[in-house]
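Reproduced below: work23.cif, with mmCIF, C-alpha atoms.
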data_work
#
loop_
_atom_site.label_atom_id
_atom_site.label_comp_id
_atom_site.auth_asym_id
_atom_site.auth_seq_id
_atom_site.Cartn_x
_atom_site.Cartn_y
_atom_site.Cartn_z
CA MET K 1 -45.53 1.22 14.49
CA LEU K 2 -48.66 -0.81 13.99
CA SER K 3 -51.85 0.35 15.62
CA GLU K 4 -54.01 -2.00 17.64
CA ARG K 5 -56.66 -2.12 14.95
CA GLU K 6 -54.12 -3.16 12.30
CA LEU K 7 -52.81 -5.83 14.65
CA GLN K 8 -56.30 -7.24 15.01
CA ILE K 9 -56.79 -7.32 11.25
CA SER K 10 -53.43 -8.94 10.51
CA PRO K 11 -52.14 -10.58 13.68
CA ILE K 12 -48.48 -11.25 14.32
CA VAL K 13 -46.97 -14.49 15.65
CA GLN K 14 -44.90 -13.61 18.73
CA GLU K 15 -42.91 -16.87 18.65
CA SER K 16 -41.69 -16.16 15.15
CA VAL K 17 -40.72 -12.60 16.09
CA VAL K 18 -38.72 -13.92 19.05
CA HIS K 19 -37.11 -16.60 16.87
CA ASN K 20 -36.07 -14.13 14.16
CA THR K 21 -34.68 -11.65 16.71
CA LYS K 22 -32.76 -14.43 18.45
CA VAL K 23 -31.22 -15.60 15.17
CA LEU K 24 -30.14 -12.05 14.29
CA THR K 25 -28.76 -11.30 17.78
CA THR K 26 -26.74 -14.52 17.92
CA LEU K 27 -25.30 -13.85 14.49
CA HIS K 28 -24.40 -10.24 15.31
CA ASN K 29 -22.77 -11.20 18.60
CA LEU K 30 -20.65 -13.85 16.91
CA THR K 31 -19.64 -11.70 13.97
CA ALA K 32 -18.89 -8.66 16.18
CA SER K 33 -16.14 -10.57 17.99
CA LEU K 34 -14.87 -11.73 14.61
CA PHE K 35 -14.72 -8.15 13.32
CA GLY K 36 -12.84 -7.22 16.48
CA ILE K 37 -10.20 -9.80 15.60
CA GLY K 38 -9.97 -8.37 12.09
CA ALA K 39 -9.68 -4.78 13.30
CA GLY K 40 -7.04 -5.80 15.84
CA ILE K 41 -4.94 -7.57 13.24
CA LEU K 42 -5.19 -4.60 10.88
CA GLY K 43 -4.12 -2.33 13.75
CA LEU K 44 -6.94 0.16 13.33
CA GLU K 45 -7.25 2.95 15.83
CA SER K 46 -10.19 5.14 16.91
CA TYR K 47 -12.60 6.14 14.12
CA PRO K 48 -11.36 3.76 11.36
CA GLY K 49 -11.97 0.85 13.74
CA PHE K 50 -15.57 1.82 14.40
CA LEU K 51 -16.05 2.50 10.71
CA PHE K 52 -14.72 -1.02 10.01
CA TYR K 53 -17.28 -2.43 12.44
CA LEU K 54 -20.10 -0.44 10.90
CA LEU K 55 -19.22 -1.48 7.35
CA PHE K 56 -18.87 -5.17 8.14
CA SER K 57 -22.05 -5.23 10.24
CA LEU K 58 -23.96 -3.77 7.32
CA LEU K 59 -22.29 -6.38 5.09
CA THR K 60 -23.49 -9.13 7.44
CA SER K 61 -27.02 -7.76 7.33
CA GLY K 62 -26.74 -7.66 3.55
CA LEU K 63 -25.68 -11.32 3.49
CA VAL K 64 -28.61 -12.23 5.74
CA TYR K 65 -30.88 -10.36 3.36
CA ALA K 66 -29.42 -12.13 0.34
CA PHE K 67 -29.40 -15.67 1.77
CA ARG K 68 -32.29 -15.77 4.25
CA VAL K 69 -34.80 -13.00 3.51
CA ARG K 70 -34.65 -12.73 -0.27
CA PRO K 71 -35.47 -16.39 -1.14
CA GLY K 72 -38.59 -16.25 1.04
CA ILE K 73 -39.76 -13.03 -0.57
CA ILE K 74 -39.21 -14.42 -4.06
CA LYS K 75 -41.09 -17.62 -3.21
CA GLU K 76 -43.93 -15.55 -1.83
CA ALA K 77 -44.02 -13.30 -4.87
CA GLN K 78 -44.38 -16.34 -7.13
CA SER K 79 -47.49 -17.42 -5.29
CA GLY K 80 -49.13 -14.06 -5.87
CA ASN K 81 -48.95 -11.93 -2.74
CA SER K 82 -45.83 -10.01 -1.83
CA SER K 83 -45.29 -8.27 1.46
CA GLY K 84 -41.55 -7.73 1.16
CA MET K 85 -39.56 -7.31 4.35
CA GLN K 86 -42.79 -7.39 6.37
CA ARG K 87 -42.74 -11.16 5.99
CA TYR K 88 -39.93 -11.62 8.51
CA PHE K 89 -39.51 -8.32 10.38
CA ARG K 90 -41.81 -5.62 11.66
CA GLY K 91 -39.66 -3.00 9.99
CA SER K 92 -36.63 -3.07 7.74
CA MET K 93 -34.59 -1.18 10.37
CA GLU K 94 -34.83 -4.28 12.56
CA LEU K 95 -32.64 -6.14 10.09
CA TRP K 96 -30.20 -3.41 9.12
CA THR K 97 -29.45 -1.73 12.46
CA GLY K 98 -30.82 -4.27 14.95
CA GLY K 99 -27.58 -5.89 16.07
CA LEU K 100 -25.30 -2.84 15.92
CA ILE K 101 -25.45 -1.85 19.57
CA GLU K 102 -25.51 -5.38 21.02
CA GLY K 103 -22.33 -6.38 19.25
CA LEU K 104 -20.37 -3.23 19.99
CA SER K 105 -19.08 -4.34 23.40
CA GLY K 106 -17.88 -7.68 22.05
CA PHE K 107 -16.24 -5.88 19.16
CA VAL K 108 -14.28 -3.50 21.41
CA LEU K 109 -13.28 -6.40 23.66
CA THR K 110 -11.67 -8.52 20.94
CA TRP K 111 -10.39 -5.44 19.12
CA THR K 112 -8.30 -4.33 22.11
CA LEU K 113 -7.25 -7.90 22.87
CA PHE K 114 -5.91 -8.63 19.39
CA TYR K 115 -4.43 -5.16 18.98
CA GLY K 116 -2.47 -5.81 22.17
CA LEU K 117 -1.51 -9.34 21.10
CA VAL K 118 -0.24 -8.36 17.65
CA ARG K 119 1.43 -5.05 18.52
CA ALA K 120 2.85 -5.94 21.92
CA MET R 121 -26.24 -26.89 3.68
CA THR R 122 -24.65 -27.42 7.02
CA TRP R 123 -21.38 -28.89 5.78
CA ILE R 124 -21.01 -25.97 3.36
CA SER R 125 -21.34 -23.46 6.18
CA LYS R 126 -18.98 -25.40 8.42
CA SER R 127 -16.30 -25.80 5.77
CA VAL R 128 -16.52 -22.15 4.71
CA THR R 129 -16.24 -21.03 8.34
CA GLY R 130 -13.31 -23.37 8.96
CA LEU R 131 -11.49 -22.13 5.86
CA GLY R 132 -12.03 -18.52 6.92
CA LEU R 133 -10.78 -19.21 10.44
CA LEU R 134 -7.68 -20.87 8.97
CA PHE R 135 -6.99 -17.77 6.86
CA LEU R 136 -7.64 -15.54 9.86
CA ALA R 137 -5.21 -17.47 12.05
CA HIS R 138 -2.58 -17.28 9.32
CA ALA R 139 -3.11 -13.54 8.87
CA CYS R 140 -2.93 -12.99 12.64
CA TYR R 141 0.33 -14.93 12.92
CA SER R 142 1.77 -13.10 9.91
CA ALA R 143 0.88 -9.72 11.41
CA TYR R 144 2.44 -10.74 14.73
CA GLU R 145 5.62 -11.96 13.05
CA HIS R 146 5.80 -8.82 10.92
CA SER R 147 5.46 -6.50 13.89
CA ALA R 148 7.98 -8.51 15.94
CA LEU R 149 10.48 -8.63 13.09
CA HIS R 150 9.99 -4.99 12.22
CA SER R 151 10.40 -3.75 15.76
CA THR R 152 13.62 -5.71 16.31
CA SER R 153 15.13 -4.60 12.99
CA THR R 154 14.24 -0.95 13.52
CA ALA R 155 15.45 -1.09 17.11
CA ALA R 156 18.80 -2.40 15.91
CA LEU R 157 19.04 0.26 13.24
CA SER R 158 17.84 3.41 14.90
CA THR R 159 16.41 4.82 18.09
CA THR R 160 13.23 3.46 19.73
CA SER R 161 11.13 6.44 18.70
CA HIS R 162 10.62 5.01 15.23
CA ILE R 163 9.12 1.73 16.37
CA ALA R 164 5.56 2.94 16.75
CA THR R 165 5.41 4.51 13.32
CA ALA R 166 7.15 1.62 11.58
CA ALA R 167 4.97 -1.10 13.13
CA SER R 168 1.75 0.58 12.13
CA SER R 169 2.28 -0.09 8.42
CA LEU R 170 1.09 -3.61 7.69
CA PRO R 171 1.99 -5.20 4.34
CA ILE R 172 -0.85 -5.06 1.85
CA ASP R 173 -1.06 -8.86 1.44
CA ILE R 174 -1.69 -9.39 5.16
CA SER R 175 -4.39 -6.70 5.10
CA ILE R 176 -6.09 -8.29 2.12
CA GLU R 177 -5.86 -11.74 3.69
CA THR R 178 -7.45 -10.43 6.90
CA LEU R 179 -10.32 -8.79 5.03
CA VAL R 180 -10.95 -11.89 2.90
CA ALA R 181 -10.80 -14.13 5.98
CA VAL R 182 -13.27 -11.96 7.92
CA PHE R 183 -15.62 -11.93 4.97
CA THR R 184 -15.34 -15.71 4.51
CA VAL R 185 -16.06 -16.50 8.17
CA CYS R 186 -18.95 -14.03 8.07
CA LEU R 187 -20.38 -15.78 5.00
CA GLY R 188 -20.04 -19.15 6.68
CA LEU R 189 -21.80 -17.95 9.83
CA VAL R 190 -24.65 -16.44 7.82
CA LEU R 191 -25.06 -19.70 5.86
CA GLY R 192 -25.18 -21.58 9.18
CA THR R 193 -28.05 -19.56 10.66
CA PRO R 194 -31.44 -21.29 10.93
CA GLU R 195 -34.21 -20.24 8.58
CA LEU R 196 -36.22 -17.15 9.53
CA ARG R 197 -39.91 -17.61 10.15
CA PRO R 198 -42.76 -15.52 8.76
CA ILE R 199 -44.20 -13.30 11.47
CA GLN R 200 -47.59 -12.55 9.92
CA TRP R 201 -50.15 -14.97 11.25
CA ARG R 202 -51.73 -15.77 7.88
CA VAL R 203 -48.37 -16.44 6.19
CA TRP R 204 -47.12 -18.49 9.13
CA ALA R 205 -50.28 -20.60 9.38
CA GLY R 206 -50.36 -21.09 5.62
CA LYS R 207 -46.78 -22.32 5.65
CA ILE R 208 -47.55 -24.87 8.38
CA GLU R 209 -50.68 -25.95 6.53
CA ARG R 210 -48.73 -26.51 3.33
CA GLU R 211 -45.43 -27.91 4.58
CA GLY R 212 -46.19 -29.30 8.03
CA GLU R 213 -43.22 -30.40 10.07
CA ALA R 214 -40.93 -30.26 7.04
CA GLY R 215 -40.84 -26.46 7.19
CA TYR R 216 -39.76 -26.45 10.81
CA THR R 217 -36.78 -28.78 10.85
CA ASN R 218 -33.48 -27.40 12.04
CA ILE R 219 -30.06 -28.08 10.55
CA ASP R 220 -29.77 -31.53 12.12
CA GLY R 221 -33.02 -32.63 10.48
CA GLN R 222 -35.08 -32.72 13.68
CA VAL R 223 -38.27 -30.78 14.28
CA ASP R 224 -37.71 -27.65 16.36
CA LYS R 225 -38.77 -27.74 20.00
CA ASP R 226 -41.07 -24.74 19.69
CA TYR R 227 -43.04 -26.18 16.78
CA VAL R 228 -46.66 -25.93 17.88
CA GLY R 229 -48.34 -27.87 15.11
CA ASN R 230 -51.19 -26.94 12.85
CA PRO R 231 -53.16 -23.98 14.26
CA PHE R 232 -56.28 -25.22 12.41
CA ARG R 233 -56.13 -28.60 14.14
CA VAL R 234 -59.19 -27.80 16.24
CA LEU R 235 -61.25 -27.01 13.15
CA GLU R 236 -60.29 -30.22 11.40
CA SER R 237 -61.39 -32.53 14.20
CA ARG R 238 -64.82 -31.09 14.95
CA PRO R 239 -67.16 -34.02 15.79
CA GLY R 240 -70.06 -32.41 13.96
CA PHE R 241 -68.21 -32.56 10.68
CA VAL R 242 -67.08 -36.19 10.87
CA ASP R 243 -68.25 -38.20 7.86
CA ILE R 244 -69.50 -41.20 9.81
CA ARG R 245 -70.88 -43.05 6.77
CA LYS R 246 -67.54 -42.89 4.99
CA GLN R 247 -65.79 -44.19 8.07
CA ARG R 248 -68.27 -47.03 8.37
CA LYS R 249 -67.74 -47.91 4.69
CA GLU R 250 -63.99 -47.93 5.21
CA PHE R 251 -64.35 -50.10 8.27
CA ALA R 252 -66.59 -52.53 6.39
CA ALA R 253 -64.05 -52.76 3.58
CA TRP R 254 -61.32 -53.37 6.10
CA VAL R 255 -63.31 -56.16 7.78
CA ARG R 256 -64.10 -57.75 4.39
CA GLU R 257 -60.42 -57.89 3.47
CA GLY R 258 -59.62 -59.72 6.65
CA GLY R 259 -58.53 -56.79 8.79
CA GLY R 260 -54.90 -57.80 8.78
CA SER R 261 -52.66 -54.90 7.88
CA ASP R 262 -52.77 -51.33 9.08
CA ALA R 263 -52.15 -49.91 5.62
CA THR R 264 -55.71 -50.43 4.39
CA ILE R 265 -57.35 -48.53 7.21
CA LYS R 266 -55.32 -45.44 6.50
CA SER R 267 -56.18 -45.27 2.81
#
Any chance you could give the structure as structure tokens?
Amino acid sequence: MLSERELQISPIVQESVVHNTKVLTTLHNLTASLFGIGAGILGLESYPGFLFYLLFSLLTSGLVYAFRVRPGIIKEAQSGNSSGMQRYFRGSMELWTGGLIEGLSGFVLTWTLFYGLVRA
Amino acid sequence: MTWISKSVTGLGLLFLAHACYSAYEHSALHSTSTAALSTTSHIATAASSLPIDISIETLVAVFTVCLGLVLGTPELRPIQWRVWAGKIEREGEAGYTNIDGQVDKDYVGNPFRVLESRPGFVDIRKQRKEFAAWVREGGGSDATIKS
């Protein structure tokens, strides 16, 4: 975590932090229900289902990294200064594990629904 | 960019619906056939084996919809103040347009606006020269005063 002195030297824009978090949360909520549909169709039970969710959530974060974070970092590196992931997020964990817990309830909801629909 | 994301998402949802219906049909067909053949105790084990093509279609569909959703997300914004302010300074409103091509509601404008309009730094002689040139040309159009 950043100390107060570091924050004074390189300040952070709160609006951008809120915007980035909102984008990630919306995406993870949407995709979690989608993964629930997938897991329900495949008929996964207990641990394989949660593993499915974990894998696809990480895949989503990877896609976000490839399509949204990476171009900005490359553009910044061309102009001389590179700060990596710090450009968009306070820490890299915010991108990779940020939406895991929020989406879990939606995932279980659609998972059970589609499992019941397909296997009834 | 937006039509790409929408079409990819739509294609993935189509595949997903097809996979879902196939899985439903398979389980319904399988349970009736096994019920006709043998006792009901085999139904649960028989229905749990999905054909490999439906599994693959489901995985591909989920991945495709996921890709479409990621492509449809708005651009992330730099959180460091210097990077953020530099981006606004360089690109202006163009860097803060959403997918529909309109400027976002929370766009605050140039943070250095106050510095650029300080009265003490106004070049009053240049402005007077421009005004004189504008008067000399007749003062008709607005285009000359801006240049």
>> Please check the contacts: residues of chain R at most 6 Å away from chain K, using all atoms listed in the file, listed as a PyMOL selection string.
In response: chain R and resi 140+144+196-201
To box range 243-255 of chain R, take all atoms listed in the file, fit an axis-aligned box, add 5 Å on each side, and give centre and edge lengths in Å to one decimal, as lines of an AutoDock Vina configuration file.
center_x = -66.1
center_y = -47.2
center_z = 6.7
size_x = 19.6
size_y = 28.0
size_z = 16.2
> Evaluating the PyMOL selection byres ((chain R and resi 184) around 9) on the displayed file yields which residues, as JSON, numbers by chain?
Replying inline: {"R": [128, 129, 131, 132, 133, 135, 179, 180, 181, 182, 183, 185, 186, 187, 188, 189]}
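Among the candidates R:Thr122, R:Ser142, R:Gln247, R:Asn230, the one nearest to Ser175 in chain R when counting only C-alpha atoms is R:Ser142.
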> Please, what distance in Å, to one decimal, runs between CA of Leu136 in chain R and CA of Thr110 in chain K?
Replying inline: 13.7 Å
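Remark: for Arg233 in chain R, the closest of the candidate residues R:Val255, R:Leu170, R:Leu191, R:Ile208 is R:Ile208 (distances computed over only C-alpha atoms).
Our summary of the geometry notes that CA of Glu102 in chain K is positioned 7.5 Å from CA of Thr25 in chain K.
With CA of Thr193 in chain R on one side and CA of Thr112 in chain K on the other, the separation reads 27.4 Å.
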